[in-house]
Each structure stands twice: as C-alpha cells, then as structure tokens.
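Novice: You'll find protein08.cif just under this line, and it carries mmCIF, C-alpha atoms and all ligand atoms.
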```cif
data_work
loop_
_atom_site.group_PDB
_atom_site.id
_atom_site.type_symbol
_atom_site.label_atom_id
_atom_site.label_comp_id
_atom_site.auth_asym_id
_atom_site.auth_seq_id
_atom_site.Cartn_x
_atom_site.Cartn_y
_atom_site.Cartn_z
ATOM 1 C CA MET A 174 -35.689 -5.284 17.371
ATOM 2 C CA LEU A 175 -32.434 -6.417 18.815
ATOM 3 C CA VAL A 176 -32.773 -6.480 22.604
ATOM 4 C CA ILE A 177 -29.555 -6.446 24.630
ATOM 5 C CA ILE A 178 -29.948 -6.925 28.389
ATOM 6 C CA THR A 179 -27.007 -5.782 30.487
ATOM 7 C CA GLU A 180 -26.262 -6.418 34.151
ATOM 8 C CA SER A 181 -25.769 -2.833 35.272
ATOM 9 C CA TYR A 182 -26.132 0.808 34.292
ATOM 10 C CA GLU A 183 -22.371 0.910 33.662
ATOM 11 C CA THR A 184 -22.499 -1.977 31.183
ATOM 12 C CA LEU A 185 -25.554 -0.436 29.497
ATOM 13 C CA SER A 186 -23.681 2.844 29.089
ATOM 14 C CA ALA A 187 -20.527 1.141 27.819
ATOM 15 C CA LYS A 188 -22.479 -0.938 25.277
ATOM 16 C CA ALA A 189 -24.406 2.097 24.019
ATOM 17 C CA ALA A 190 -21.181 4.119 23.731
ATOM 18 C CA GLN A 191 -19.524 1.293 21.805
ATOM 19 C CA ILE A 192 -22.410 1.317 19.297
ATOM 20 C CA VAL A 193 -22.236 5.111 18.851
ATOM 21 C CA ALA A 194 -18.424 5.053 18.596
ATOM 22 C CA ASN A 195 -18.487 2.295 15.961
ATOM 23 C CA HIS A 196 -20.994 4.215 13.863
ATOM 24 C CA LEU A 197 -18.912 7.368 14.151
ATOM 25 C CA SER A 198 -15.721 5.531 13.215
ATOM 26 C CA LYS A 199 -17.399 4.061 10.125
ATOM 27 C CA LYS A 200 -19.021 7.375 9.161
ATOM 28 C CA PRO A 201 -17.091 10.374 10.554
ATOM 29 C CA ASP A 202 -19.806 12.771 9.306
ATOM 30 C CA LEU A 203 -22.434 10.905 11.303
ATOM 31 C CA VAL A 204 -25.736 12.687 11.950
ATOM 32 C CA LEU A 205 -26.524 11.848 15.542
ATOM 33 C CA GLY A 206 -29.879 12.352 17.239
ATOM 34 C CA LEU A 207 -29.402 13.172 20.935
ATOM 35 C CA ALA A 208 -31.681 12.537 23.899
ATOM 36 C CA THR A 209 -31.654 14.144 27.328
ATOM 37 C CA GLY A 210 -32.803 12.846 30.743
ATOM 38 C CA ASN A 211 -30.958 10.716 33.277
ATOM 39 C CA THR A 212 -30.650 7.572 31.179
ATOM 40 C CA PRO A 213 -28.067 8.686 28.582
ATOM 41 C CA LEU A 214 -25.775 10.429 31.110
ATOM 42 C CA GLY A 215 -23.526 7.355 31.410
ATOM 43 C CA LEU A 216 -23.391 7.027 27.623
ATOM 44 C CA TYR A 217 -22.276 10.659 27.285
ATOM 45 C CA ARG A 218 -19.659 10.188 30.052
ATOM 46 C CA GLU A 219 -18.261 7.181 28.201
ATOM 47 C CA LEU A 220 -18.235 8.999 24.834
ATOM 48 C CA ILE A 221 -16.334 11.878 26.483
ATOM 49 C CA ARG A 222 -13.825 9.366 27.870
ATOM 50 C CA LEU A 223 -13.430 7.772 24.420
ATOM 51 C CA HIS A 224 -12.869 11.230 22.926
ATOM 52 C CA LYS A 225 -10.300 12.282 25.533
ATOM 53 C CA GLU A 226 -8.451 8.986 25.989
ATOM 54 C CA GLU A 227 -8.870 7.218 22.655
ATOM 55 C CA GLY A 228 -9.234 10.109 20.232
ATOM 56 C CA LEU A 229 -12.837 9.457 19.202
ATOM 57 C CA ASP A 230 -13.355 12.279 16.729
ATOM 58 C CA PHE A 231 -16.647 14.207 16.499
ATOM 59 C CA SER A 232 -15.241 17.049 14.355
ATOM 60 C CA ARG A 233 -17.334 16.134 11.296
ATOM 61 C CA ALA A 234 -20.429 14.941 13.181
ATOM 62 C CA THR A 235 -23.753 16.768 13.245
ATOM 63 C CA THR A 236 -26.189 16.579 16.161
ATOM 64 C CA PHE A 237 -29.918 17.138 16.501
ATOM 65 C CA ASN A 238 -31.568 17.130 19.901
ATOM 66 C CA LEU A 239 -34.918 15.409 20.160
ATOM 67 C CA ASP A 240 -36.766 18.010 22.162
ATOM 68 C CA GLU A 241 -36.733 21.134 24.316
ATOM 69 C CA TYR A 242 -39.024 22.833 26.814
ATOM 70 C CA LEU A 243 -41.126 25.550 25.236
ATOM 71 C CA GLY A 244 -40.588 28.741 27.232
ATOM 72 C CA LEU A 245 -36.982 28.107 28.332
ATOM 73 C CA SER A 246 -34.191 30.024 26.668
ATOM 74 C CA SER A 247 -30.981 28.236 25.742
ATOM 75 C CA THR A 248 -29.265 29.706 28.831
ATOM 76 C CA HIS A 249 -31.834 28.411 31.348
ATOM 77 C CA PRO A 250 -30.038 25.766 33.460
ATOM 78 C CA GLN A 251 -32.921 23.279 33.063
ATOM 79 C CA SER A 252 -33.135 23.702 29.299
ATOM 80 C CA PHE A 253 -32.102 20.708 27.245
ATOM 81 C CA HIS A 254 -29.783 23.088 25.403
ATOM 82 C CA CYS A 255 -27.846 23.607 28.649
ATOM 83 C CA TYR A 256 -28.085 19.929 29.574
ATOM 84 C CA ILE A 257 -26.588 18.664 26.325
ATOM 85 C CA HIS A 258 -23.755 21.189 26.424
ATOM 86 C CA ARG A 259 -23.032 20.603 30.126
ATOM 87 C CA ASN A 260 -23.138 16.815 29.899
ATOM 88 C CA PHE A 261 -21.732 16.164 26.441
ATOM 89 C CA LEU A 262 -21.033 18.807 23.815
ATOM 90 C CA ASN A 263 -18.721 21.029 25.905
ATOM 91 C CA HIS A 264 -16.404 18.054 26.375
ATOM 92 C CA VAL A 265 -16.097 16.707 22.811
ATOM 93 C CA ASN A 266 -15.159 18.319 19.506
ATOM 94 C CA VAL A 267 -18.500 18.624 17.700
ATOM 95 C CA ASP A 268 -18.337 21.807 15.600
ATOM 96 C CA PRO A 269 -20.824 24.270 17.196
ATOM 97 C CA LYS A 270 -22.206 25.112 13.771
ATOM 98 C CA ASN A 271 -23.295 21.477 13.414
ATOM 99 C CA VAL A 272 -25.229 21.439 16.723
ATOM 100 C CA HIS A 273 -29.028 21.717 16.590
ATOM 101 C CA VAL A 274 -31.324 21.995 19.592
ATOM 102 C CA PRO A 275 -34.932 23.161 19.198
ATOM 103 C CA ASP A 276 -35.200 26.773 20.328
ATOM 104 C CA GLY A 277 -37.405 26.906 23.424
ATOM 105 C CA SER A 278 -37.555 30.707 23.367
ATOM 106 C CA ILE A 279 -39.772 31.012 20.297
ATOM 107 C CA ARG A 280 -43.075 32.754 20.994
ATOM 108 C CA GLN A 281 -44.852 32.632 17.650
ATOM 109 C CA ASP A 282 -44.827 31.002 14.221
ATOM 110 C CA PHE A 283 -44.432 27.622 15.906
ATOM 111 C CA GLU A 284 -45.394 25.584 12.857
ATOM 112 C CA GLN A 285 -42.955 27.457 10.670
ATOM 113 C CA TYR A 286 -40.166 26.987 13.218
ATOM 114 C CA CYS A 287 -40.893 23.248 13.551
ATOM 115 C CA GLU A 288 -40.912 22.822 9.764
ATOM 116 C CA GLN A 289 -37.514 24.565 9.667
ATOM 117 C CA TYR A 290 -36.183 22.059 12.209
ATOM 118 C CA GLU A 291 -37.442 19.228 9.996
ATOM 119 C CA GLN A 292 -35.843 20.909 6.988
ATOM 120 C CA SER A 293 -32.496 21.226 8.750
ATOM 121 C CA ILE A 294 -32.591 17.483 9.481
ATOM 122 C CA ARG A 295 -33.321 16.798 5.801
ATOM 123 C CA ASN A 296 -30.551 19.217 4.742
ATOM 124 C CA ALA A 297 -28.092 17.267 6.877
ATOM 125 C CA GLY A 298 -29.060 14.086 5.000
ATOM 126 C CA GLY A 299 -31.333 12.684 7.727
ATOM 127 C CA ILE A 300 -30.439 11.230 11.107
ATOM 128 C CA ASP A 301 -28.117 8.221 10.935
ATOM 129 C CA LEU A 302 -28.377 7.151 14.554
ATOM 130 C CA GLN A 303 -31.030 8.349 16.988
ATOM 131 C CA ILE A 304 -30.486 7.866 20.723
ATOM 132 C CA LEU A 305 -33.694 7.562 22.756
ATOM 133 C CA GLY A 306 -34.732 7.162 26.365
ATOM 134 C CA ILE A 307 -38.260 6.137 27.310
ATOM 135 C CA GLY A 308 -40.545 7.822 29.818
ATOM 136 C CA LYS A 309 -42.823 6.108 32.310
ATOM 137 C CA THR A 310 -45.682 7.158 30.021
ATOM 138 C CA GLY A 311 -44.026 5.151 27.228
ATOM 139 C CA HIS A 312 -43.066 8.365 25.475
ATOM 140 C CA ILE A 313 -40.032 8.901 23.251
ATOM 141 C CA GLY A 314 -39.027 12.531 22.980
ATOM 142 C CA PHE A 315 -42.022 14.443 24.303
ATOM 143 C CA ASN A 316 -44.418 12.327 22.251
ATOM 144 C CA GLU A 317 -46.925 11.780 25.010
ATOM 145 C CA PRO A 318 -49.697 9.161 24.961
ATOM 146 C CA THR A 319 -52.158 9.644 22.065
ATOM 147 C CA SER A 320 -49.561 11.425 19.908
ATOM 148 C CA SER A 321 -50.021 10.682 16.236
ATOM 149 C CA LEU A 322 -47.690 7.918 15.144
ATOM 150 C CA ALA A 323 -47.162 9.947 11.946
ATOM 151 C CA SER A 324 -46.333 13.176 13.824
ATOM 152 C CA ARG A 325 -43.501 15.499 12.852
ATOM 153 C CA THR A 326 -41.684 18.130 14.933
ATOM 154 C CA ARG A 327 -44.290 20.192 16.748
ATOM 155 C CA ILE A 328 -45.400 21.661 20.072
ATOM 156 C CA LYS A 329 -46.708 19.026 22.473
ATOM 157 C CA THR A 330 -48.498 19.454 25.802
ATOM 158 C CA LEU A 331 -46.733 17.415 28.491
ATOM 159 C CA ALA A 332 -48.549 14.600 30.296
ATOM 160 C CA GLU A 333 -49.206 14.934 34.051
ATOM 161 C CA LEU A 334 -46.803 12.066 34.820
ATOM 162 C CA THR A 335 -44.033 13.702 32.767
ATOM 163 C CA LEU A 336 -44.559 17.003 34.618
ATOM 164 C CA GLN A 337 -44.270 15.138 37.947
ATOM 165 C CA GLU A 338 -41.167 13.198 36.881
ATOM 166 C CA ASN A 339 -39.397 16.250 35.490
ATOM 167 C CA GLN A 340 -40.241 18.365 38.545
ATOM 168 C CA LYS A 341 -37.227 16.784 40.331
ATOM 169 C CA ALA A 342 -34.826 18.618 38.014
ATOM 170 C CA PHE A 343 -36.553 21.965 38.669
ATOM 171 C CA GLY A 344 -36.509 21.698 42.464
ATOM 172 C CA PRO A 345 -39.446 22.360 44.813
ATOM 173 C CA ASN A 346 -39.899 25.988 43.751
ATOM 174 C CA GLY A 347 -39.321 25.610 40.023
ATOM 175 C CA LYS A 348 -42.140 25.164 37.520
ATOM 176 C CA VAL A 349 -41.840 22.637 34.708
ATOM 177 C CA PRO A 350 -42.981 24.279 31.462
ATOM 178 C CA PRO A 351 -46.328 22.821 30.337
ATOM 179 C CA CYS A 352 -45.240 22.227 26.728
ATOM 180 C CA GLY A 353 -42.267 21.001 24.737
ATOM 181 C CA ILE A 354 -41.044 21.206 21.151
ATOM 182 C CA THR A 355 -40.376 17.649 20.051
ATOM 183 C CA MET A 356 -39.450 15.643 16.999
ATOM 184 C CA GLY A 357 -42.519 13.614 16.090
ATOM 185 C CA ILE A 358 -42.824 9.855 15.926
ATOM 186 C CA GLY A 359 -42.663 10.107 12.139
ATOM 187 C CA THR A 360 -39.456 12.150 12.437
ATOM 188 C CA ILE A 361 -37.909 9.554 14.760
ATOM 189 C CA LEU A 362 -38.942 6.646 12.532
ATOM 190 C CA ASP A 363 -37.100 8.298 9.619
ATOM 191 C CA ALA A 364 -33.748 7.824 11.425
ATOM 192 C CA LYS A 365 -31.680 5.105 9.772
ATOM 193 C CA LYS A 366 -30.917 3.407 13.076
ATOM 194 C CA ILE A 367 -32.420 3.814 16.532
ATOM 195 C CA LEU A 368 -30.788 3.082 19.875
ATOM 196 C CA LEU A 369 -33.259 2.960 22.776
ATOM 197 C CA LEU A 370 -31.899 2.877 26.333
ATOM 198 C CA ALA A 371 -33.720 2.165 29.592
ATOM 199 C CA SER A 372 -32.578 1.515 33.126
ATOM 200 C CA GLY A 373 -34.318 0.938 36.448
ATOM 201 C CA ASN A 374 -37.378 -0.952 37.573
ATOM 202 C CA SER A 375 -39.625 2.069 37.102
ATOM 203 C CA LYS A 376 -39.273 1.688 33.312
ATOM 204 C CA ALA A 377 -40.006 -2.059 33.181
ATOM 205 C CA ASP A 378 -43.702 -1.688 32.422
ATOM 206 C CA ALA A 379 -43.233 0.916 29.672
ATOM 207 C CA VAL A 380 -40.387 -1.126 28.148
ATOM 208 C CA ALA A 381 -42.462 -4.332 28.047
ATOM 209 C CA LYS A 382 -45.414 -2.517 26.459
ATOM 210 C CA ALA A 383 -43.142 -0.805 23.926
ATOM 211 C CA ILE A 384 -41.395 -4.013 22.824
ATOM 212 C CA GLU A 385 -44.057 -6.675 23.300
ATOM 213 C CA GLY A 386 -47.379 -4.850 23.441
ATOM 214 C CA PRO A 387 -49.571 -3.791 20.562
ATOM 215 C CA ILE A 388 -48.517 -0.780 18.499
ATOM 216 C CA THR A 389 -50.539 2.008 20.018
ATOM 217 C CA SER A 390 -50.421 5.775 20.342
ATOM 218 C CA THR A 391 -50.961 5.360 24.096
ATOM 219 C CA ILE A 392 -47.386 3.952 24.302
ATOM 220 C CA THR A 393 -45.671 5.928 21.584
ATOM 221 C CA ALA A 394 -42.415 3.940 21.915
ATOM 222 C CA SER A 395 -44.361 0.924 20.571
ATOM 223 C CA ALA A 396 -44.186 2.619 17.143
ATOM 224 C CA LEU A 397 -40.522 1.556 17.099
ATOM 225 C CA GLN A 398 -41.784 -1.949 16.272
ATOM 226 C CA MET A 399 -42.358 -0.574 12.763
ATOM 227 C CA HIS A 400 -38.703 0.406 12.342
ATOM 228 C CA ALA A 401 -36.374 -2.140 10.736
ATOM 229 C CA ASP A 402 -33.218 -1.294 12.687
ATOM 230 C CA VAL A 403 -33.784 -0.709 16.399
ATOM 231 C CA THR A 404 -31.355 -1.815 19.089
ATOM 232 C CA VAL A 405 -32.672 -1.695 22.650
ATOM 233 C CA VAL A 406 -30.088 -1.733 25.430
ATOM 234 C CA LEU A 407 -31.629 -2.437 28.824
ATOM 235 C CA GLU A 408 -30.366 -2.716 32.309
ATOM 236 C CA GLU A 409 -31.749 -5.938 33.860
ATOM 237 C CA ALA A 410 -34.232 -4.123 36.106
ATOM 238 C CA ALA A 411 -35.779 -2.365 33.106
ATOM 239 C CA ALA A 412 -36.101 -5.746 31.346
ATOM 240 C CA SER A 413 -37.847 -7.442 34.272
ATOM 241 C CA SER A 414 -41.375 -7.396 32.772
ATOM 242 C CA LEU A 415 -40.386 -8.779 29.368
ATOM 243 C CA ALA A 416 -41.965 -12.139 28.483
ATOM 244 C CA TYR A 417 -39.421 -13.189 25.825
ATOM 245 C CA LYS A 418 -36.123 -12.507 27.623
ATOM 246 C CA ALA A 419 -34.640 -15.954 26.948
ATOM 247 C CA TYR A 420 -35.513 -15.614 23.268
ATOM 248 C CA TYR A 421 -33.822 -12.210 23.029
ATOM 249 C CA GLN A 422 -30.678 -13.772 24.469
ATOM 250 C CA ARG A 423 -30.719 -16.501 21.801
ATOM 251 C CA VAL A 424 -31.337 -13.945 19.059
ATOM 252 C CA LEU A 425 -28.390 -11.938 20.362
ATOM 253 C CA GLU A 426 -26.096 -14.968 20.364
ATOM 254 C CA MET A 427 -27.116 -15.839 16.790
ATOM 255 C CA THR A 428 -26.693 -12.246 15.676
ATOM 256 C CA VAL A 429 -23.204 -12.101 17.181
ATOM 257 C CA ARG A 430 -22.366 -15.284 15.308
ATOM 258 C CA LEU A 431 -23.978 -14.524 11.936
ATOM 259 C CA THR A 432 -24.085 -10.730 11.529
ATOM 260 C CA PRO A 433 -21.849 -9.283 14.261
ATOM 261 C CA GLU A 434 -21.924 -5.825 12.676
ATOM 262 C CA ARG A 435 -25.598 -5.560 13.738
ATOM 263 C CA VAL A 436 -24.592 -5.736 17.411
ATOM 264 C CA GLU A 437 -21.871 -3.161 17.030
HETATM 265 P P1 LIG A 501 -35.092 9.670 32.017
HETATM 266 O O1 LIG A 501 -36.183 10.276 31.021
HETATM 267 O O2 LIG A 501 -33.968 9.196 31.149
HETATM 268 O O3 LIG A 501 -34.708 10.809 32.883
HETATM 269 O O4 LIG A 501 -35.748 8.555 32.731
HETATM 270 C C1 LIG A 501 -36.565 9.567 29.900
HETATM 271 C C2 LIG A 501 -37.702 10.250 29.205
HETATM 272 O O5 LIG A 501 -38.571 10.853 29.871
HETATM 273 O O6 LIG A 501 -37.764 10.180 27.972
#
```
Kindly transcribe the structure held in the file into structure tokens.
Ligand code: PGA
Specialist:
Amino acid sequence: MLVIITESYETLSAKAAQIVANHLSKKPDLVLGLATGNTPLGLYRELIRLHKEEGLDFSRATTFNLDEYLGLSSTHPQSFHCYIHRNFLNHVNVDPKNVHVPDGSIRQDFEQYCEQYEQSIRNAGGIDLQILGIGKTGHIGFNEPTSSLASRTRIKTLAELTLQENQKAFGPNGKVPPCGITMGIGTILDAKKILLLASGNSKADAVAKAIEGPITSTITASALQMHADVTVVLEEAAASSLAYKAYYQRVLEMTVRLTPERVE
C-alpha cells in the first residue's frame, strides 16, 4: 500500500482528484468505481472544477457505484443514486448510459439482480479505479464486520454503528433502511487500482486496523492488504493511530523518485 498523509481535507481532496484525473487522461474510457458518504465530497468538487475549468473529459468514462440502500428508489433524496448525481454526475459529462448505481427499489430476485450488476461490471471490462471511503466499523462499501472476504455484490444487513452514523443524513424523523446492496470484498479486490480516502480523528482507529492490523473479516478494509495496487490518501487526523507513519513518508519519497507514475 502506498500511504499518503496530507495536512488537510482540502489537500486530501486535491491529491485524490489529481490521481483520478491522471488516470482519466491516460485512459479516457476509464471505468471508475464511485463511493458516497462525506469523505469523497471534496474529491467530487475538485473533479467538477477540473471538468469546468480545465476541460477534464468524462464523456467516454463509465461509472459503477459501490452500494445503495435497499428500499430507497432512485428519486429518494437520501439514496446514493441521488447523492452521486447531486454531488458529481450532474456537473460533469459522463454519458448517462454509462452510469450504474445499484437499484434500491428491487423487491425480489435479489441474487439475480446482484449477479447482473456483477455482469455489467465484467461487460465494461472491470473497474480500473475504485474510490473508497472507510466506515468507523472498518467497512468498505456496506461490507460490514464479518462479511466474507470473497463476497460479491449482494444484500447486506447494516451494522448498528453504521445505522447510527447514517442517521444524521436522514434527520431525526427519517429511518435509515436496515439493508444495503453492496459490491462485495471480492468485487472490490478485482478493481485494477484502489484509492482509499479517510479524514477526521473518528476514522483513525479503523484506518490503523485496516492498514497495519491483521487481515480479518471484522475490519473488512483490511482485505485491501491483499491487493497489489492500493493508494491510501489520509488527512493527518485519520493517520494519527498509525505506527509506521515515518516509514510511509520515506516510501513515498522513494516512490516519487523511482516510480513517480505510482503516486500520480
Ligand atoms: P463517510 O462514510 O465518508 O461519510 O465517513 C464512509 C463510509 O461509511 O464508508
């Protein structure tokens, strides 16, 4: 893993956007895996700026969202479908026919639907670059603790802590759906490159366990240790529990010197 520690949320967002933009410039038909939540908002703002001010072109890109709430239609304001359009897709030129978000309104044939989502990823040639946040539970996507590390897209029951965290977005009277549709850990590990972002002190424990702890289904992000091309961009507060910070800095300096394309 390449661990990049940045001084602020703004620098984290700018670095992440630079990585996405470089991949898109090298491969205009990039297949991009998209995450929701608070963490990637700055990244999406910066990508929108790059599109509007510097002509970053998404016209040939394809996107796949990681997850969606089961039980919310695409028009529900708290759906990830709405989120990704509101915060990103409505402001760039991704062709709507190349946009994929799991359909939270399905009521039956879940396995068949999830297999179709997997098939559409395969049909697109696989995900080139997957953006991820990390939950306080150590989850990536909605892969809650004890998820199979070989899991594929499926329905997952949300952990209590995730329900509490996500309640903020639904307001005091809203009810967070109990389940999500999520790419599995196996699906995520098939992406060619992974970009994991975390900011804030509240993520420090999960980040340290994911990067430096044992690989375990109780911190599903730790499965990323098995992937050969993961870049982790952290705001300092989210890096505060890491034991090997000084080493990561030296690795970064060497990587910049020897294989700069890996940092871009
Ligand atoms: P957050 O969510 O970016 O809103 O912290 C991350 C997650 O739960 O995966």
Novice: How would you report the residues lying within 7 Å of ligand LIG 501 (chain A), as a PyMOL selection string, if you count all atoms listed in the file?
Specialist: chain A and resi 209-213+306-309+312-314+335
Novice: Could you tell me, as a compact mmCIF listing (two decimals) with C-alpha atoms, keeping the file's coordinate frame, exactly which residues end up selected when the PyMOL selection byres (((chain A and resi 259) around 12) and not hetatm) is applied to this structure?
Specialist:
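selection-v5.txt, freshly written:
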```
# COMPACT_ATOMS: atom_id res chain seq x y z
CA THR A 209 -31.65 14.14 27.33
CA LEU A 214 -25.78 10.43 31.11
CA TYR A 217 -22.28 10.66 27.28
CA ARG A 218 -19.66 10.19 30.05
CA ILE A 221 -16.33 11.88 26.48
CA SER A 247 -30.98 28.24 25.74
CA THR A 248 -29.26 29.71 28.83
CA HIS A 249 -31.83 28.41 31.35
CA PRO A 250 -30.04 25.77 33.46
CA GLN A 251 -32.92 23.28 33.06
CA SER A 252 -33.14 23.70 29.30
CA PHE A 253 -32.10 20.71 27.24
CA HIS A 254 -29.78 23.09 25.40
CA CYS A 255 -27.85 23.61 28.65
CA TYR A 256 -28.08 19.93 29.57
CA ILE A 257 -26.59 18.66 26.32
CA HIS A 258 -23.76 21.19 26.42
CA ASN A 260 -23.14 16.82 29.90
CA PHE A 261 -21.73 16.16 26.44
CA LEU A 262 -21.03 18.81 23.82
CA ASN A 263 -18.72 21.03 25.90
CA HIS A 264 -16.40 18.05 26.38
CA VAL A 265 -16.10 16.71 22.81
```
Novice: In terms of the shortest atom-to-atom distance over all atoms listed in the file, which of A:Lys418, A:Lys270, A:His400, A:His224 is closest to Ala381 (chain A)?
Specialist: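 Closest residue, counting all atoms listed in the file: A:Lys418.
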Novice: Any chance you could work out the axis-aligned box around region 272-278 of chain A, listed atoms only, 3 Å on each side, giving centre and edge lengths in Å to one decimal, as lines of an AutoDock Vina configuration file?
Specialist:
```
center_x = -31.4
center_y = 26.1
center_z = 20.0
size_x = 18.3
size_y = 15.3
size_z = 12.8
```
Novice: Applying 12 Å and all atoms listed in the file, which residues near Ser321 (chain A) remain after dropping the ones on its own chain fewer than 4 positions away? List them as a ChimeraX atom specification.
Specialist: /A:312,315-317,325-327,329,356-360,388-394,396
Novice: What does the structure give for the distance between CA of Thr404 (chain A) and CA of Gly277 (chain A), in Å to one decimal?
Specialist: 29.7 Å
Novice: Counting only C-alpha atoms, what is within 12 Å of Leu370 (chain A), bar same-chain residues fewer than 3 positions away, as a compact mmCIF listing (two decimals) with C-alpha atoms, keeping the file's coordinate frame?
Specialist:
```txt
# COMPACT_ATOMS: atom_id res chain seq x y z
CA LEU A 175 -32.43 -6.42 18.82
CA VAL A 176 -32.77 -6.48 22.60
CA ILE A 177 -29.56 -6.45 24.63
CA ILE A 178 -29.95 -6.92 28.39
CA THR A 179 -27.01 -5.78 30.49
CA TYR A 182 -26.13 0.81 34.29
CA THR A 184 -22.50 -1.98 31.18
CA LEU A 185 -25.55 -0.44 29.50
CA SER A 186 -23.68 2.84 29.09
CA ALA A 187 -20.53 1.14 27.82
CA LYS A 188 -22.48 -0.94 25.28
CA ALA A 189 -24.41 2.10 24.02
CA ALA A 190 -21.18 4.12 23.73
CA ILE A 192 -22.41 1.32 19.30
CA LEU A 207 -29.40 13.17 20.94
CA ALA A 208 -31.68 12.54 23.90
CA THR A 209 -31.65 14.14 27.33
CA GLY A 210 -32.80 12.85 30.74
CA ASN A 211 -30.96 10.72 33.28
CA THR A 212 -30.65 7.57 31.18
CA PRO A 213 -28.07 8.69 28.58
CA LEU A 214 -25.78 10.43 31.11
CA GLY A 215 -23.53 7.36 31.41
CA LEU A 216 -23.39 7.03 27.62
CA GLN A 303 -31.03 8.35 16.99
CA ILE A 304 -30.49 7.87 20.72
CA LEU A 305 -33.69 7.56 22.76
CA GLY A 306 -34.73 7.16 26.36
CA ILE A 307 -38.26 6.14 27.31
CA GLY A 308 -40.54 7.82 29.82
CA ILE A 313 -40.03 8.90 23.25
CA ILE A 367 -32.42 3.81 16.53
CA GLY A 373 -34.32 0.94 36.45
CA LYS A 376 -39.27 1.69 33.31
CA ALA A 377 -40.01 -2.06 33.18
CA ALA A 379 -43.23 0.92 29.67
CA VAL A 380 -40.39 -1.13 28.15
CA ALA A 394 -42.42 3.94 21.92
CA VAL A 403 -33.78 -0.71 16.40
CA THR A 404 -31.36 -1.82 19.09
CA VAL A 405 -32.67 -1.70 22.65
CA VAL A 406 -30.09 -1.73 25.43
CA LEU A 407 -31.63 -2.44 28.82
CA GLU A 408 -30.37 -2.72 32.31
CA GLU A 409 -31.75 -5.94 33.86
CA ALA A 411 -35.78 -2.37 33.11
CA ALA A 412 -36.10 -5.75 31.35
```
Novice: Please provide as an MDAnalysis selection string all residues within 8 Å of region 227-234 of chain A, with the sequence filter that same-chain residues fewer than 4 positions apart are discarded (counting only C-alpha atoms).
Specialist: chainID A and resid 194 197:198 201:205 220 222:223 265:268 271
Novice: Those selected residues, please, written with C-alpha atoms and delivered as a short mmCIF file (atom, residue, chain, number, x, y, z; two decimals), in the frame of the given file.
Specialist:
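Result file follows (part15.cif):
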```
data_model
loop_
_atom_site.label_atom_id
_atom_site.label_comp_id
_atom_site.auth_asym_id
_atom_site.auth_seq_id
_atom_site.Cartn_x
_atom_site.Cartn_y
_atom_site.Cartn_z
CA ALA A 194 -18.42 5.05 18.60
CA LEU A 197 -18.91 7.37 14.15
CA SER A 198 -15.72 5.53 13.22
CA PRO A 201 -17.09 10.37 10.55
CA ASP A 202 -19.81 12.77 9.31
CA LEU A 203 -22.43 10.90 11.30
CA VAL A 204 -25.74 12.69 11.95
CA LEU A 205 -26.52 11.85 15.54
CA LEU A 220 -18.24 9.00 24.83
CA ARG A 222 -13.82 9.37 27.87
CA LEU A 223 -13.43 7.77 24.42
CA VAL A 265 -16.10 16.71 22.81
CA ASN A 266 -15.16 18.32 19.51
CA VAL A 267 -18.50 18.62 17.70
CA ASP A 268 -18.34 21.81 15.60
CA ASN A 271 -23.30 21.48 13.41
#
```
Novice: Nearest residue to Val193 (chain A) out of A:Pro387, A:Glu241, A:Gln289, A:Lys366, using all atoms listed in the file?
Specialist: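 Residue with the minimum atom-to-atom distance to Val193 (chain A): A:Lys366.
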Novice: If the PyMOL selection byres (((chain A and resi 424) around 12) and not hetatm) were run on this exact file, what residues would it hold? Put them as a PDB file with C-alpha atoms, in the coordinates of the input.
Specialist:
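As a result, out-v2.pdb now contains:
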```pdb
ATOM      1  CA  MET A 174     -35.689  -5.284  17.371  1.00  0.00           C
ATOM      2  CA  LEU A 175     -32.434  -6.417  18.815  1.00  0.00           C
ATOM      3  CA  VAL A 176     -32.773  -6.480  22.604  1.00  0.00           C
ATOM      4  CA  ILE A 177     -29.555  -6.446  24.630  1.00  0.00           C
ATOM      5  CA  ILE A 178     -29.948  -6.925  28.389  1.00  0.00           C
ATOM      6  CA  TYR A 417     -39.421 -13.189  25.825  1.00  0.00           C
ATOM      7  CA  LYS A 418     -36.123 -12.507  27.623  1.00  0.00           C
ATOM      8  CA  ALA A 419     -34.640 -15.954  26.948  1.00  0.00           C
ATOM      9  CA  TYR A 420     -35.513 -15.614  23.268  1.00  0.00           C
ATOM     10  CA  TYR A 421     -33.822 -12.210  23.029  1.00  0.00           C
ATOM     11  CA  GLN A 422     -30.678 -13.772  24.469  1.00  0.00           C
ATOM     12  CA  ARG A 423     -30.719 -16.501  21.801  1.00  0.00           C
ATOM     13  CA  LEU A 425     -28.390 -11.938  20.362  1.00  0.00           C
ATOM     14  CA  GLU A 426     -26.096 -14.968  20.364  1.00  0.00           C
ATOM     15  CA  MET A 427     -27.116 -15.839  16.790  1.00  0.00           C
ATOM     16  CA  THR A 428     -26.693 -12.246  15.676  1.00  0.00           C
ATOM     17  CA  VAL A 429     -23.204 -12.101  17.181  1.00  0.00           C
ATOM     18  CA  ARG A 430     -22.366 -15.284  15.308  1.00  0.00           C
ATOM     19  CA  LEU A 431     -23.978 -14.524  11.936  1.00  0.00           C
ATOM     20  CA  THR A 432     -24.085 -10.730  11.529  1.00  0.00           C
ATOM     21  CA  PRO A 433     -21.849  -9.283  14.261  1.00  0.00           C
ATOM     22  CA  ARG A 435     -25.598  -5.560  13.738  1.00  0.00           C
ATOM     23  CA  VAL A 436     -24.592  -5.736  17.411  1.00  0.00           C
TER      24      VAL A 436
END
```
Novice: Suppose you want the space between CA of Ala371 (chain A) and CA of Pro351 (chain A); what is it in Å?
Specialist: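 Those two atoms sit 24.2 Å apart.
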Novice: Please write the residues picked by the PyMOL selection byres (((chain A and resi 293-297) around 10) and not hetatm) on this file as a list in words.
Specialist: Asp202, Leu203, Val204, Gly206, Thr235, Thr236, Phe237, Asn271, His273, Cys287, Glu288, Gln289, Tyr290, Glu291, Gln292, Gly298, Gly299, Ile300, Asp301, Thr360 and Ala364 of chain A
Novice: Can you work out which one of A:Ser320, A:Ser395, A:Ser278, A:Thr330 has the shortest atom-to-atom distance to Ala383 (chain A), counting all atoms listed in the file?
Specialist: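 Looking only at the distances to Ala383 (chain A), the closest residue turns out to be A:Ser395.
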Novice: Counting all atoms listed in the file, which residue out of A:Lys225, A:Lys382, A:His196, A:Lys348 sits closest to Leu397 (chain A)?
Specialist: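 When distances to Leu397 (chain A) are compared using all atoms listed in the file, the smallest one comes from A:Lys382.
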Novice: What's the separation between CA of Ser372 (chain A) and CA of Ala332 (chain A), in Å to one decimal place?
Specialist: 20.8 Å
Novice: Rank nothing, just name the residue among A:Arg280, A:Gln340, A:Leu369, A:Gly347 nearest to Gly311 (chain A), using only C-alpha atoms.
Specialist: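 Closest candidate: A:Leu369.
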